[in-house]
$ cat coords-v4.cif   # mmCIF, C-alpha atoms
data_my_file
#
loop_
_atom_site.group_PDB
_atom_site.id
_atom_site.type_symbol
_atom_site.label_atom_id
_atom_site.label_comp_id
_atom_site.auth_asym_id
_atom_site.auth_seq_id
_atom_site.Cartn_x
_atom_site.Cartn_y
_atom_site.Cartn_z
ATOM 1 C CA MET A 1198 -24.197 -62.923 -219.338
ATOM 2 C CA THR A 1199 -21.439 -65.536 -219.337
ATOM 3 C CA LYS A 1200 -21.779 -68.393 -221.740
ATOM 4 C CA SER A 1201 -21.177 -72.071 -221.353
ATOM 5 C CA ASN A 1202 -18.394 -72.766 -223.829
ATOM 6 C CA ASN A 1203 -18.561 -76.480 -223.262
ATOM 7 C CA PRO A 1204 -19.956 -77.870 -226.546
ATOM 8 C CA VAL A 1205 -21.170 -81.051 -224.859
ATOM 9 C CA ASN A 1206 -23.364 -79.093 -222.495
ATOM 10 C CA GLU A 1207 -24.482 -76.857 -225.330
ATOM 11 C CA ASN A 1208 -25.829 -79.925 -227.124
ATOM 12 C CA LYS A 1209 -27.464 -81.209 -223.962
ATOM 13 C CA GLU A 1210 -29.059 -77.822 -223.340
ATOM 14 C CA ALA A 1211 -30.383 -77.822 -226.899
ATOM 15 C CA LEU A 1212 -31.860 -81.284 -226.398
ATOM 16 C CA ALA A 1213 -33.505 -80.255 -223.105
ATOM 17 C CA ALA A 1214 -34.907 -77.155 -224.812
ATOM 18 C CA GLY A 1215 -36.221 -79.286 -227.683
ATOM 19 C CA ILE A 1216 -38.009 -81.607 -225.260
ATOM 20 C CA ALA A 1217 -39.406 -78.627 -223.334
ATOM 21 C CA GLY A 1218 -40.631 -77.150 -226.636
ATOM 22 C CA LEU A 1219 -42.287 -80.420 -227.661
ATOM 23 C CA ILE A 1220 -44.098 -80.691 -224.312
ATOM 24 C CA PHE A 1221 -45.066 -77.004 -224.419
ATOM 25 C CA GLY A 1222 -46.541 -77.421 -227.901
ATOM 26 C CA ILE A 1223 -48.520 -80.501 -226.854
ATOM 27 C CA GLY A 1224 -49.818 -78.609 -223.813
ATOM 28 C CA LEU A 1225 -51.001 -75.667 -225.890
ATOM 29 C CA VAL A 1226 -52.933 -77.912 -228.283
ATOM 30 C CA VAL A 1227 -54.435 -79.997 -225.454
ATOM 31 C CA ALA A 1228 -55.533 -76.751 -223.790
ATOM 32 C CA GLY A 1229 -57.268 -75.581 -226.962
ATOM 33 C CA MET A 1230 -55.045 -72.497 -227.165
ATOM 34 C CA THR A 1231 -54.206 -73.164 -230.824
ATOM 35 C CA GLN A 1232 -57.849 -72.322 -231.596
ATOM 36 C CA PRO A 1233 -57.816 -68.510 -231.821
ATOM 37 C CA HIS A 1234 -61.580 -68.184 -231.270
ATOM 38 C CA LYS A 1235 -61.094 -69.645 -227.786
ATOM 39 C CA VAL A 1236 -58.478 -67.009 -226.964
ATOM 40 C CA ILE A 1237 -60.625 -64.221 -228.385
ATOM 41 C CA GLY A 1238 -63.534 -65.775 -226.465
ATOM 42 C CA PHE A 1239 -61.516 -65.255 -223.271
ATOM 43 C CA LEU A 1240 -60.849 -61.620 -224.159
ATOM 44 C CA ASP A 1241 -64.539 -61.181 -225.007
ATOM 45 C CA LEU A 1242 -65.363 -60.224 -221.433
ATOM 46 C CA PHE A 1243 -68.451 -58.239 -222.450
ATOM 47 C CA GLY A 1244 -69.720 -60.898 -224.887
ATOM 48 C CA SER A 1245 -69.915 -64.696 -224.655
ATOM 49 C CA TRP A 1246 -66.958 -65.159 -222.323
ATOM 50 C CA ASP A 1247 -64.923 -68.379 -222.627
ATOM 51 C CA PRO A 1248 -62.942 -68.934 -219.403
ATOM 52 C CA THR A 1249 -60.723 -71.753 -220.783
ATOM 53 C CA LEU A 1250 -57.579 -69.586 -220.911
ATOM 54 C CA MET A 1251 -58.028 -68.859 -217.213
ATOM 55 C CA PHE A 1252 -57.883 -72.594 -216.487
ATOM 56 C CA VAL A 1253 -54.771 -72.913 -218.657
ATOM 57 C CA MET A 1254 -53.028 -70.131 -216.739
ATOM 58 C CA GLY A 1255 -54.296 -71.639 -213.498
ATOM 59 C CA GLY A 1256 -52.851 -75.064 -214.312
ATOM 60 C CA ALA A 1257 -49.489 -73.690 -215.462
ATOM 61 C CA LEU A 1258 -49.192 -71.228 -212.576
ATOM 62 C CA GLY A 1259 -50.460 -73.689 -209.987
ATOM 63 C CA LEU A 1260 -47.658 -76.090 -210.869
ATOM 64 C CA HIS A 1261 -44.884 -73.585 -211.538
ATOM 65 C CA LEU A 1262 -45.493 -71.443 -208.440
ATOM 66 C CA VAL A 1263 -44.387 -74.556 -206.534
ATOM 67 C CA THR A 1264 -41.745 -75.972 -208.888
ATOM 68 C CA TYR A 1265 -40.087 -72.562 -209.366
ATOM 69 C CA ARG A 1266 -39.333 -72.412 -205.658
ATOM 70 C CA LEU A 1267 -38.198 -76.033 -205.482
ATOM 71 C CA VAL A 1268 -35.881 -75.704 -208.486
ATOM 72 C CA ARG A 1269 -34.375 -72.413 -207.293
ATOM 73 C CA LYS A 1270 -33.215 -74.120 -204.094
ATOM 74 C CA ARG A 1271 -30.420 -75.562 -206.229
ATOM 75 C CA ASN A 1272 -27.200 -73.559 -206.619
ATOM 76 C CA THR A 1273 -27.219 -73.975 -210.404
ATOM 77 C CA PRO A 1274 -29.398 -75.570 -213.075
ATOM 78 C CA LEU A 1275 -28.518 -79.129 -214.113
ATOM 79 C CA LEU A 1276 -26.842 -78.224 -217.413
ATOM 80 C CA SER A 1277 -25.949 -74.532 -217.237
ATOM 81 C CA PRO A 1278 -23.318 -73.037 -214.888
ATOM 82 C CA GLN A 1279 -25.698 -70.258 -213.859
ATOM 83 C CA TRP A 1280 -29.299 -69.050 -213.823
ATOM 84 C CA HIS A 1281 -30.577 -66.835 -216.646
ATOM 85 C CA VAL A 1282 -33.717 -65.625 -214.884
ATOM 86 C CA PRO A 1283 -34.644 -61.921 -215.232
ATOM 87 C CA THR A 1284 -34.142 -59.893 -212.047
ATOM 88 C CA LYS A 1285 -35.322 -56.441 -213.092
ATOM 89 C CA THR A 1286 -38.166 -55.003 -210.986
ATOM 90 C CA GLU A 1287 -38.525 -51.438 -212.309
ATOM 91 C CA ILE A 1288 -41.850 -50.692 -214.026
ATOM 92 C CA THR A 1289 -40.869 -48.840 -217.204
ATOM 93 C CA LYS A 1290 -42.825 -47.047 -219.923
ATOM 94 C CA PRO A 1291 -41.624 -49.490 -222.632
ATOM 95 C CA LEU A 1292 -42.907 -52.379 -220.476
ATOM 96 C CA ILE A 1293 -46.372 -50.845 -220.412
ATOM 97 C CA ILE A 1294 -46.502 -49.553 -223.991
ATOM 98 C CA GLY A 1295 -45.066 -52.788 -225.396
ATOM 99 C CA SER A 1296 -47.517 -54.923 -223.432
ATOM 100 C CA PHE A 1297 -50.347 -52.692 -224.613
ATOM 101 C CA LEU A 1298 -49.352 -53.098 -228.290
ATOM 102 C CA PHE A 1299 -48.956 -56.840 -227.830
ATOM 103 C CA GLY A 1300 -52.463 -57.042 -226.337
ATOM 104 C CA VAL A 1301 -53.931 -55.240 -229.357
ATOM 105 C CA GLY A 1302 -52.352 -57.731 -231.771
ATOM 106 C CA TRP A 1303 -53.386 -60.614 -229.513
ATOM 107 C CA GLY A 1304 -56.989 -59.375 -229.532
ATOM 108 C CA ILE A 1305 -57.064 -58.987 -233.325
ATOM 109 C CA ALA A 1306 -55.740 -62.443 -234.223
ATOM 110 C CA GLY A 1307 -56.187 -64.535 -231.072
ATOM 111 C CA PHE A 1308 -52.543 -65.557 -231.336
ATOM 112 C CA CYS A 1309 -49.702 -64.904 -228.943
ATOM 113 C CA PRO A 1310 -46.194 -66.109 -229.907
ATOM 114 C CA GLY A 1311 -46.376 -69.700 -228.553
ATOM 115 C CA PRO A 1312 -49.657 -70.818 -230.125
ATOM 116 C CA ALA A 1313 -48.726 -69.047 -233.378
ATOM 117 C CA VAL A 1314 -45.468 -71.020 -233.714
ATOM 118 C CA VAL A 1315 -47.187 -74.317 -232.772
ATOM 119 C CA SER A 1316 -49.900 -73.594 -235.360
ATOM 120 C CA LEU A 1317 -47.289 -73.510 -238.129
ATOM 121 C CA ALA A 1318 -47.925 -77.272 -238.061
ATOM 122 C CA SER A 1319 -51.303 -76.548 -239.701
ATOM 123 C CA LEU A 1320 -49.529 -75.020 -242.754
ATOM 124 C CA GLU A 1321 -52.293 -72.380 -242.921
ATOM 125 C CA GLY A 1322 -51.211 -69.426 -245.063
ATOM 126 C CA LYS A 1323 -52.472 -66.766 -242.664
ATOM 127 C CA VAL A 1324 -50.756 -68.402 -239.686
ATOM 128 C CA ILE A 1325 -47.491 -68.441 -241.620
ATOM 129 C CA ALA A 1326 -48.068 -64.770 -242.538
ATOM 130 C CA PHE A 1327 -48.697 -63.928 -238.865
ATOM 131 C CA VAL A 1328 -45.496 -65.657 -237.751
ATOM 132 C CA ILE A 1329 -43.392 -64.015 -240.474
ATOM 133 C CA ALA A 1330 -44.871 -60.621 -239.516
ATOM 134 C CA MET A 1331 -44.143 -61.369 -235.843
ATOM 135 C CA PHE A 1332 -40.483 -62.049 -236.666
ATOM 136 C CA LEU A 1333 -40.445 -58.860 -238.754
ATOM 137 C CA GLY A 1334 -41.938 -56.921 -235.836
ATOM 138 C CA GLN A 1335 -39.152 -58.162 -233.567
ATOM 139 C CA TRP A 1336 -36.535 -57.313 -236.165
ATOM 140 C CA LEU A 1337 -38.101 -53.867 -236.531
ATOM 141 C CA PHE A 1338 -37.765 -53.434 -232.779
ATOM 142 C CA LYS A 1339 -34.073 -54.272 -232.993
ATOM 143 C CA VAL A 1340 -33.575 -51.658 -235.713
ATOM 144 C CA VAL A 1341 -35.476 -48.956 -233.801
ATOM 145 C CA ASP A 1342 -33.822 -49.898 -230.512
ATOM 146 C CA ALA A 1343 -30.377 -49.463 -232.072
ATOM 147 C CA LYS A 1344 -31.241 -45.781 -232.593
ATOM 148 C CA VAL A 1345 -33.552 -44.995 -229.651
ATOM 149 C CA LYS A 1346 -32.042 -47.293 -226.987
ATOM 150 C CA PHE A 1347 -35.214 -48.117 -225.079
ATOM 151 C CA ASN A 1348 -34.849 -48.527 -221.325
ATOM 152 C CA ARG A 1349 -36.978 -51.626 -221.222
ATOM 153 C CA MET B 485 -68.006 -76.728 -222.175
ATOM 154 C CA GLN B 486 -66.799 -78.105 -218.822
ATOM 155 C CA ASP B 487 -64.749 -80.632 -220.796
ATOM 156 C CA GLU B 488 -62.951 -77.769 -222.505
ATOM 157 C CA TRP B 489 -62.199 -76.156 -219.149
ATOM 158 C CA LEU B 490 -60.788 -79.445 -217.865
ATOM 159 C CA MET B 491 -58.643 -79.830 -220.991
ATOM 160 C CA GLY B 492 -57.492 -76.256 -220.412
ATOM 161 C CA LEU B 493 -56.415 -77.147 -216.898
ATOM 162 C CA ILE B 494 -54.629 -80.313 -218.065
ATOM 163 C CA GLY B 495 -52.949 -78.433 -220.931
ATOM 164 C CA GLY B 496 -51.906 -75.755 -218.455
ATOM 165 C CA ILE B 497 -50.301 -78.337 -216.174
ATOM 166 C CA ILE B 498 -48.417 -79.779 -219.188
ATOM 167 C CA ILE B 499 -47.187 -76.252 -219.986
ATOM 168 C CA GLY B 500 -46.129 -75.858 -216.339
ATOM 169 C CA LEU B 501 -44.140 -79.095 -216.684
ATOM 170 C CA SER B 502 -42.360 -77.804 -219.799
ATOM 171 C CA VAL B 503 -41.497 -74.526 -218.087
ATOM 172 C CA THR B 504 -40.150 -76.448 -215.094
ATOM 173 C CA ILE B 505 -37.925 -78.628 -217.317
ATOM 174 C CA MET B 506 -36.478 -75.523 -218.980
ATOM 175 C CA LEU B 507 -35.709 -73.943 -215.600
ATOM 176 C CA LEU B 508 -34.327 -77.097 -213.988
ATOM 177 C CA PHE B 509 -32.053 -78.124 -216.873
ATOM 178 C CA ASN B 510 -31.115 -74.848 -218.573
ATOM 179 C CA GLY B 511 -31.894 -72.297 -215.860
ATOM 180 C CA ARG B 512 -33.986 -70.315 -218.293
ATOM 181 C CA VAL B 513 -37.360 -68.666 -218.467
ATOM 182 C CA THR B 514 -39.673 -70.170 -221.100
ATOM 183 C CA GLY B 515 -40.836 -66.962 -222.734
ATOM 184 C CA ILE B 516 -41.558 -67.701 -226.374
ATOM 185 C CA ALA B 517 -41.176 -64.071 -227.508
ATOM 186 C CA GLY B 518 -37.817 -63.817 -225.748
ATOM 187 C CA ILE B 519 -36.638 -67.149 -227.134
ATOM 188 C CA ILE B 520 -37.381 -65.879 -230.646
ATOM 189 C CA TYR B 521 -35.811 -62.452 -230.057
ATOM 190 C CA GLY B 522 -32.566 -64.113 -228.958
ATOM 191 C CA LEU B 523 -32.210 -65.349 -232.549
ATOM 192 C CA PHE B 524 -31.716 -61.730 -233.633
ATOM 193 C CA LYS B 525 -28.712 -61.181 -231.360
ATOM 194 C CA PRO B 526 -26.920 -64.519 -231.364
ATOM 195 C CA SER B 527 -23.960 -65.072 -229.068
ATOM 196 C CA PRO B 528 -21.778 -68.185 -228.603
ATOM 197 C CA GLY B 529 -23.587 -70.946 -226.716
ATOM 198 C CA ASP B 530 -26.880 -69.062 -226.813
ATOM 199 C CA PHE B 531 -28.406 -69.881 -230.165
ATOM 200 C CA ILE B 532 -28.908 -73.564 -230.994
ATOM 201 C CA TRP B 533 -31.144 -74.294 -227.998
ATOM 202 C CA ARG B 534 -33.561 -71.632 -229.247
ATOM 203 C CA ILE B 535 -33.896 -73.371 -232.612
ATOM 204 C CA TYR B 536 -34.399 -76.731 -230.892
ATOM 205 C CA PHE B 537 -37.097 -75.263 -228.664
ATOM 206 C CA LEU B 538 -38.998 -73.711 -231.597
ATOM 207 C CA VAL B 539 -38.703 -76.888 -233.683
ATOM 208 C CA GLY B 540 -39.977 -78.801 -230.631
ATOM 209 C CA LEU B 541 -42.989 -76.499 -230.467
ATOM 210 C CA VAL B 542 -43.923 -77.172 -234.093
ATOM 211 C CA LEU B 543 -43.315 -80.919 -233.625
ATOM 212 C CA GLY B 544 -45.653 -80.819 -230.624
ATOM 213 C CA GLY B 545 -48.293 -79.342 -232.917
ATOM 214 C CA LEU B 546 -47.641 -81.982 -235.582
ATOM 215 C CA VAL B 547 -47.852 -84.834 -233.058
ATOM 216 C CA MET B 548 -51.161 -83.516 -231.748
ATOM 217 C CA THR B 549 -52.784 -83.371 -235.187
ATOM 218 C CA ALA B 550 -52.816 -87.189 -234.970
ATOM 219 C CA PHE B 551 -54.820 -87.105 -231.722
ATOM 220 C CA LYS B 552 -56.983 -84.006 -231.939
ATOM 221 C CA GLU B 553 -59.014 -83.413 -235.048
ATOM 222 C CA ASP B 554 -59.782 -79.787 -234.233
ATOM 223 C CA ALA B 555 -56.241 -78.970 -233.028
ATOM 224 C CA PHE B 556 -55.985 -75.937 -235.308
ATOM 225 C CA LEU B 557 -59.646 -75.146 -235.836
ATOM 226 C CA ASN B 558 -60.034 -71.389 -236.260
ATOM 227 C CA LYS B 559 -63.494 -69.837 -236.291
ATOM 228 C CA ILE B 560 -62.016 -66.346 -236.614
ATOM 229 C CA ASP B 561 -62.105 -65.158 -240.199
ATOM 230 C CA LEU B 562 -59.009 -62.965 -240.465
ATOM 231 C CA SER B 563 -58.019 -60.967 -243.516
ATOM 232 C CA TRP B 564 -54.393 -61.081 -244.691
ATOM 233 C CA ALA B 565 -53.995 -57.472 -243.546
ATOM 234 C CA GLN B 566 -55.257 -58.366 -240.066
ATOM 235 C CA SER B 567 -52.938 -61.392 -239.836
ATOM 236 C CA ILE B 568 -49.907 -59.344 -240.838
ATOM 237 C CA GLY B 569 -50.844 -56.278 -238.777
ATOM 238 C CA ALA B 570 -51.490 -58.387 -235.679
ATOM 239 C CA GLY B 571 -48.220 -60.271 -236.211
ATOM 240 C CA LEU B 572 -46.253 -57.017 -236.408
ATOM 241 C CA LEU B 573 -47.907 -55.696 -233.232
ATOM 242 C CA VAL B 574 -47.283 -58.943 -231.356
ATOM 243 C CA GLY B 575 -43.653 -59.087 -232.509
ATOM 244 C CA PHE B 576 -42.778 -55.455 -231.761
ATOM 245 C CA GLY B 577 -44.897 -55.265 -228.601
ATOM 246 C CA THR B 578 -43.545 -58.411 -226.959
ATOM 247 C CA VAL B 579 -39.930 -57.247 -227.269
ATOM 248 C CA LEU B 580 -40.659 -53.664 -226.189
ATOM 249 C CA GLY B 581 -42.698 -55.090 -223.301
ATOM 250 C CA SER B 582 -40.051 -57.753 -222.505
ATOM 251 C CA GLY B 583 -42.395 -60.717 -222.722
ATOM 252 C CA CYS B 584 -45.598 -62.422 -223.752
ATOM 253 C CA THR B 585 -48.217 -64.689 -222.226
ATOM 254 C CA SER B 586 -45.648 -67.362 -221.396
ATOM 255 C CA GLY B 587 -42.758 -65.140 -220.280
ATOM 256 C CA HIS B 588 -44.790 -62.717 -218.180
ATOM 257 C CA GLY B 589 -48.072 -64.569 -217.672
ATOM 258 C CA VAL B 590 -46.672 -67.954 -216.634
ATOM 259 C CA CYS B 591 -42.966 -67.630 -215.746
ATOM 260 C CA GLY B 592 -43.004 -64.073 -214.397
ATOM 261 C CA LEU B 593 -46.137 -64.467 -212.311
ATOM 262 C CA SER B 594 -44.726 -67.708 -210.863
ATOM 263 C CA ARG B 595 -41.711 -65.678 -209.673
ATOM 264 C CA LEU B 596 -44.100 -63.015 -208.319
ATOM 265 C CA SER B 597 -42.320 -60.459 -210.525
ATOM 266 C CA PRO B 598 -43.967 -57.021 -210.269
ATOM 267 C CA ARG B 599 -43.010 -56.229 -213.880
ATOM 268 C CA SER B 600 -44.736 -59.359 -215.120
ATOM 269 C CA LEU B 601 -47.845 -58.629 -213.076
ATOM 270 C CA VAL B 602 -48.118 -55.154 -214.615
ATOM 271 C CA ALA B 603 -47.386 -56.468 -218.130
ATOM 272 C CA THR B 604 -49.967 -59.264 -217.822
ATOM 273 C CA LEU B 605 -52.661 -56.876 -216.579
ATOM 274 C CA VAL B 606 -51.865 -54.433 -219.404
ATOM 275 C CA PHE B 607 -51.931 -56.945 -222.276
ATOM 276 C CA MET B 608 -55.072 -58.601 -220.917
ATOM 277 C CA ALA B 609 -56.750 -55.201 -220.639
ATOM 278 C CA SER B 610 -55.702 -54.053 -224.114
ATOM 279 C CA GLY B 611 -56.725 -57.435 -225.550
ATOM 280 C CA ILE B 612 -60.170 -57.142 -223.939
ATOM 281 C CA MET B 613 -60.464 -53.546 -225.163
ATOM 282 C CA THR B 614 -59.462 -54.581 -228.705
ATOM 283 C CA VAL B 615 -62.023 -57.400 -228.892
ATOM 284 C CA TYR B 616 -64.688 -55.029 -227.500
ATOM 285 C CA ILE B 617 -63.932 -52.418 -230.178
ATOM 286 C CA LEU B 618 -63.777 -55.034 -232.974
ATOM 287 C CA ARG B 619 -67.240 -56.220 -231.934
ATOM 288 C CA LYS B 620 -68.598 -52.648 -231.781
ATOM 289 C CA ILE B 621 -67.424 -51.785 -235.277
ATOM 290 C CA GLY B 622 -68.592 -55.135 -236.636
ATOM 291 C CA VAL B 623 -65.214 -56.633 -237.564
ATOM 292 C CA LEU B 624 -66.023 -59.525 -235.222
ATOM 293 C CA PRO B 625 -69.554 -60.929 -235.599
#
$ encode --input "coords-v4.cif" --output "structure tokens"
Amino acid sequence: MTKSNNPVNENKEALAAGIAGLIFGIGLVVAGMTQPHKVIGFLDLFGSWDPTLMFVMGGALGLHLVTYRLVRKRNTPLLSPQWHVPTKTEITKPLIIGSFLFGVGWGIAGFCPGPAVVSLASLEGKVIAFVIAMFLGQWLFKVVDAKVKFNR
Amino acid sequence: MQDEWLMGLIGGIIIGLSVTIMLLFNGRVTGIAGIIYGLFKPSPGDFIWRIYFLVGLVLGGLVMTAFKEDAFLNKIDLSWAQSIGAGLLVGFGTVLGSGCTSGHGVCGLSRLSPRSLVATLVFMASGIMTVYILRKIGVLP
């Protein structure tokens, strides 16, 4: 991956990312996804199922299925000299095992990474503990990966 | 109930807008797990934007507390061990699996990526299985 060494663009990219983050956070709260019981309600397929998350995915996908194609008609993004979109297509064991483990944690707490970070705004001790553990889990991956070299 | 579905749809569209801004301006995928993991292997020009994004996320939450009383209502009574265990699984799993609900479920599916389709089906299935088991053994009421 080549990097943009232009500090002006780096600042602009940071600002764009900050605005995207702000909007993303607002969207998650509006959608009710910062209420873990609603997420667990969605996963509770054999209990009292709450379909809200399906509508959230539907809204996000419905828009981005279109905008992705429109945006990718450009040669480059507005601020970066190239695209940074993943191109890998191979289905690997780490992809499946990792997604499985993620789903287990998601089902236990009702938090995936986005809503967990947004919920730091609540200053709840257990949310902070979840986020710290999530960072630790990623760091742990880095340590293990340095030895095992996963083909993700 | 229908109101909540409608708010879900509106929130989803707002998320789609955010993801579009990130792609249009920075040419990047808005996968929260990946944005965080990038902090662990910083390279020149590929660090500050991640901090800005994450700070933006928290600010979004703060802003919404002024408009939505139950923004962070949580009816799930988690123990500390569950919070930490789940956090570790989500952290490790999302990097090993190259993405989370946003990276695979929104961005990847929008690209029609086969990897993201498989990942999304797997984490949905294991999430459903986990909630089913937690109900069976009485951890969830």
$ closest_residue --input "coords-v4.cif" --among "B:Ile617, B:Leu490, B:Leu601, B:Leu572" --to "chain A" --atoms "all atoms listed in the file"
B:Leu572
$ residues_around --input "coords-v4.cif" --residues "A:Leu1219" --least-positions-apart "5" --cutoff "6 Å" --atoms "all atoms listed in the file" --output "JSON, numbers by chain"
{"B": [540, 541, 544]}
$ resolve_selection --input "coords-v4.cif" --expression "the PyMOL selection byres ((chain A and resi 1317) around 12)" --output "PDB file with C-alpha atoms, in the coordinates of the input"
ATOM      1  CA  GLY A1222     -46.541 -77.421-227.901  1.00  0.00           C
ATOM      2  CA  THR A1231     -54.206 -73.164-230.824  1.00  0.00           C
ATOM      3  CA  PHE A1308     -52.543 -65.557-231.336  1.00  0.00           C
ATOM      4  CA  PRO A1310     -46.194 -66.109-229.907  1.00  0.00           C
ATOM      5  CA  GLY A1311     -46.376 -69.700-228.553  1.00  0.00           C
ATOM      6  CA  PRO A1312     -49.657 -70.818-230.125  1.00  0.00           C
ATOM      7  CA  ALA A1313     -48.726 -69.047-233.378  1.00  0.00           C
ATOM      8  CA  VAL A1314     -45.468 -71.020-233.714  1.00  0.00           C
ATOM      9  CA  VAL A1315     -47.187 -74.317-232.772  1.00  0.00           C
ATOM     10  CA  SER A1316     -49.900 -73.594-235.360  1.00  0.00           C
ATOM     11  CA  ALA A1318     -47.925 -77.272-238.061  1.00  0.00           C
ATOM     12  CA  SER A1319     -51.303 -76.548-239.701  1.00  0.00           C
ATOM     13  CA  LEU A1320     -49.529 -75.020-242.754  1.00  0.00           C
ATOM     14  CA  GLU A1321     -52.293 -72.380-242.921  1.00  0.00           C
ATOM     15  CA  GLY A1322     -51.211 -69.426-245.063  1.00  0.00           C
ATOM     16  CA  LYS A1323     -52.472 -66.766-242.664  1.00  0.00           C
ATOM     17  CA  VAL A1324     -50.756 -68.402-239.686  1.00  0.00           C
ATOM     18  CA  ILE A1325     -47.491 -68.441-241.620  1.00  0.00           C
ATOM     19  CA  ALA A1326     -48.068 -64.770-242.538  1.00  0.00           C
ATOM     20  CA  PHE A1327     -48.697 -63.928-238.865  1.00  0.00           C
ATOM     21  CA  VAL A1328     -45.496 -65.657-237.751  1.00  0.00           C
ATOM     22  CA  ILE A1329     -43.392 -64.015-240.474  1.00  0.00           C
TER      23      ILE A1329
ATOM     24  CA  LEU B 538     -38.998 -73.711-231.597  1.00  0.00           C
ATOM     25  CA  VAL B 539     -38.703 -76.888-233.683  1.00  0.00           C
ATOM     26  CA  GLY B 540     -39.977 -78.801-230.631  1.00  0.00           C
ATOM     27  CA  LEU B 541     -42.989 -76.499-230.467  1.00  0.00           C
ATOM     28  CA  VAL B 542     -43.923 -77.172-234.093  1.00  0.00           C
ATOM     29  CA  LEU B 543     -43.315 -80.919-233.625  1.00  0.00           C
ATOM     30  CA  GLY B 544     -45.653 -80.819-230.624  1.00  0.00           C
ATOM     31  CA  GLY B 545     -48.293 -79.342-232.917  1.00  0.00           C
ATOM     32  CA  LEU B 546     -47.641 -81.982-235.582  1.00  0.00           C
ATOM     33  CA  THR B 549     -52.784 -83.371-235.187  1.00  0.00           C
ATOM     34  CA  ALA B 555     -56.241 -78.970-233.028  1.00  0.00           C
ATOM     35  CA  PHE B 556     -55.985 -75.937-235.308  1.00  0.00           C
TER      36      PHE B 556
END
$ axis_aligned_box --input "coords-v4.cif" --around "stretch 565-579 of chain B" --padding-each-side "4 Å" --output "AutoDock Vina command-line options"
--center_x -47.6 --center_y -58.3 --center_z -235.3 --size_x 23.3 --size_y 14.1 --size_z 24.6
$ closest_atom_pairs --input "coords-v4.cif" --of "stretch 1214-1321 of chain A" --to "stretch 579-583 of chain B" --cutoff "8 Å" --atoms "only C-alpha atoms" --output "Markdown table"
| residue | atom | partner | partner_atom | distance |
| --- | --- | --- | --- | --- |
| A:Pro1291 | CA | B:Leu580 | CA | 5.6 |
| A:Leu1292 | CA | B:Gly581 | CA | 3.9 |
| A:Ile1293 | CA | B:Gly581 | CA | 6.3 |
| A:Ile1294 | CA | B:Gly581 | CA | 6.8 |
| A:Gly1295 | CA | B:Gly581 | CA | 3.9 |
| A:Ser1296 | CA | B:Gly581 | CA | 4.8 |
| A:Phe1299 | CA | B:Gly581 | CA | 7.9 |
$ resolve_selection --input "coords-v4.cif" --expression "the PyMOL selection byres ((chain B and resi 578) around 12)" --output "VMD selection string"
(chain A and resid 1291 to 1303 1309 to 1311 1331 to 1332 1334 to 1339 1349) or (chain B and resid 515 to 521 570 to 577 579 to 588 600 603 to 604 606 to 607)
$ write_last_selection --input "coords-v4.cif" --atoms "C-alpha atoms" --output "short mmCIF file (atom, residue, chain, number, x, y, z; two decimals), keeping the file's coordinate frame"
data_model
loop_
_atom_site.label_atom_id
_atom_site.label_comp_id
_atom_site.auth_asym_id
_atom_site.auth_seq_id
_atom_site.Cartn_x
_atom_site.Cartn_y
_atom_site.Cartn_z
CA PRO A 1291 -41.62 -49.49 -222.63
CA LEU A 1292 -42.91 -52.38 -220.48
CA ILE A 1293 -46.37 -50.84 -220.41
CA ILE A 1294 -46.50 -49.55 -223.99
CA GLY A 1295 -45.07 -52.79 -225.40
CA SER A 1296 -47.52 -54.92 -223.43
CA PHE A 1297 -50.35 -52.69 -224.61
CA LEU A 1298 -49.35 -53.10 -228.29
CA PHE A 1299 -48.96 -56.84 -227.83
CA GLY A 1300 -52.46 -57.04 -226.34
CA VAL A 1301 -53.93 -55.24 -229.36
CA GLY A 1302 -52.35 -57.73 -231.77
CA TRP A 1303 -53.39 -60.61 -229.51
CA CYS A 1309 -49.70 -64.90 -228.94
CA PRO A 1310 -46.19 -66.11 -229.91
CA GLY A 1311 -46.38 -69.70 -228.55
CA MET A 1331 -44.14 -61.37 -235.84
CA PHE A 1332 -40.48 -62.05 -236.67
CA GLY A 1334 -41.94 -56.92 -235.84
CA GLN A 1335 -39.15 -58.16 -233.57
CA TRP A 1336 -36.53 -57.31 -236.16
CA LEU A 1337 -38.10 -53.87 -236.53
CA PHE A 1338 -37.76 -53.43 -232.78
CA LYS A 1339 -34.07 -54.27 -232.99
CA ARG A 1349 -36.98 -51.63 -221.22
CA GLY B 515 -40.84 -66.96 -222.73
CA ILE B 516 -41.56 -67.70 -226.37
CA ALA B 517 -41.18 -64.07 -227.51
CA GLY B 518 -37.82 -63.82 -225.75
CA ILE B 519 -36.64 -67.15 -227.13
CA ILE B 520 -37.38 -65.88 -230.65
CA TYR B 521 -35.81 -62.45 -230.06
CA ALA B 570 -51.49 -58.39 -235.68
CA GLY B 571 -48.22 -60.27 -236.21
CA LEU B 572 -46.25 -57.02 -236.41
CA LEU B 573 -47.91 -55.70 -233.23
CA VAL B 574 -47.28 -58.94 -231.36
CA GLY B 575 -43.65 -59.09 -232.51
CA PHE B 576 -42.78 -55.46 -231.76
CA GLY B 577 -44.90 -55.26 -228.60
CA VAL B 579 -39.93 -57.25 -227.27
CA LEU B 580 -40.66 -53.66 -226.19
CA GLY B 581 -42.70 -55.09 -223.30
CA SER B 582 -40.05 -57.75 -222.50
CA GLY B 583 -42.40 -60.72 -222.72
CA CYS B 584 -45.60 -62.42 -223.75
CA THR B 585 -48.22 -64.69 -222.23
CA SER B 586 -45.65 -67.36 -221.40
CA GLY B 587 -42.76 -65.14 -220.28
CA HIS B 588 -44.79 -62.72 -218.18
CA SER B 600 -44.74 -59.36 -215.12
CA ALA B 603 -47.39 -56.47 -218.13
CA THR B 604 -49.97 -59.26 -217.82
CA VAL B 606 -51.86 -54.43 -219.40
CA PHE B 607 -51.93 -56.94 -222.28
#
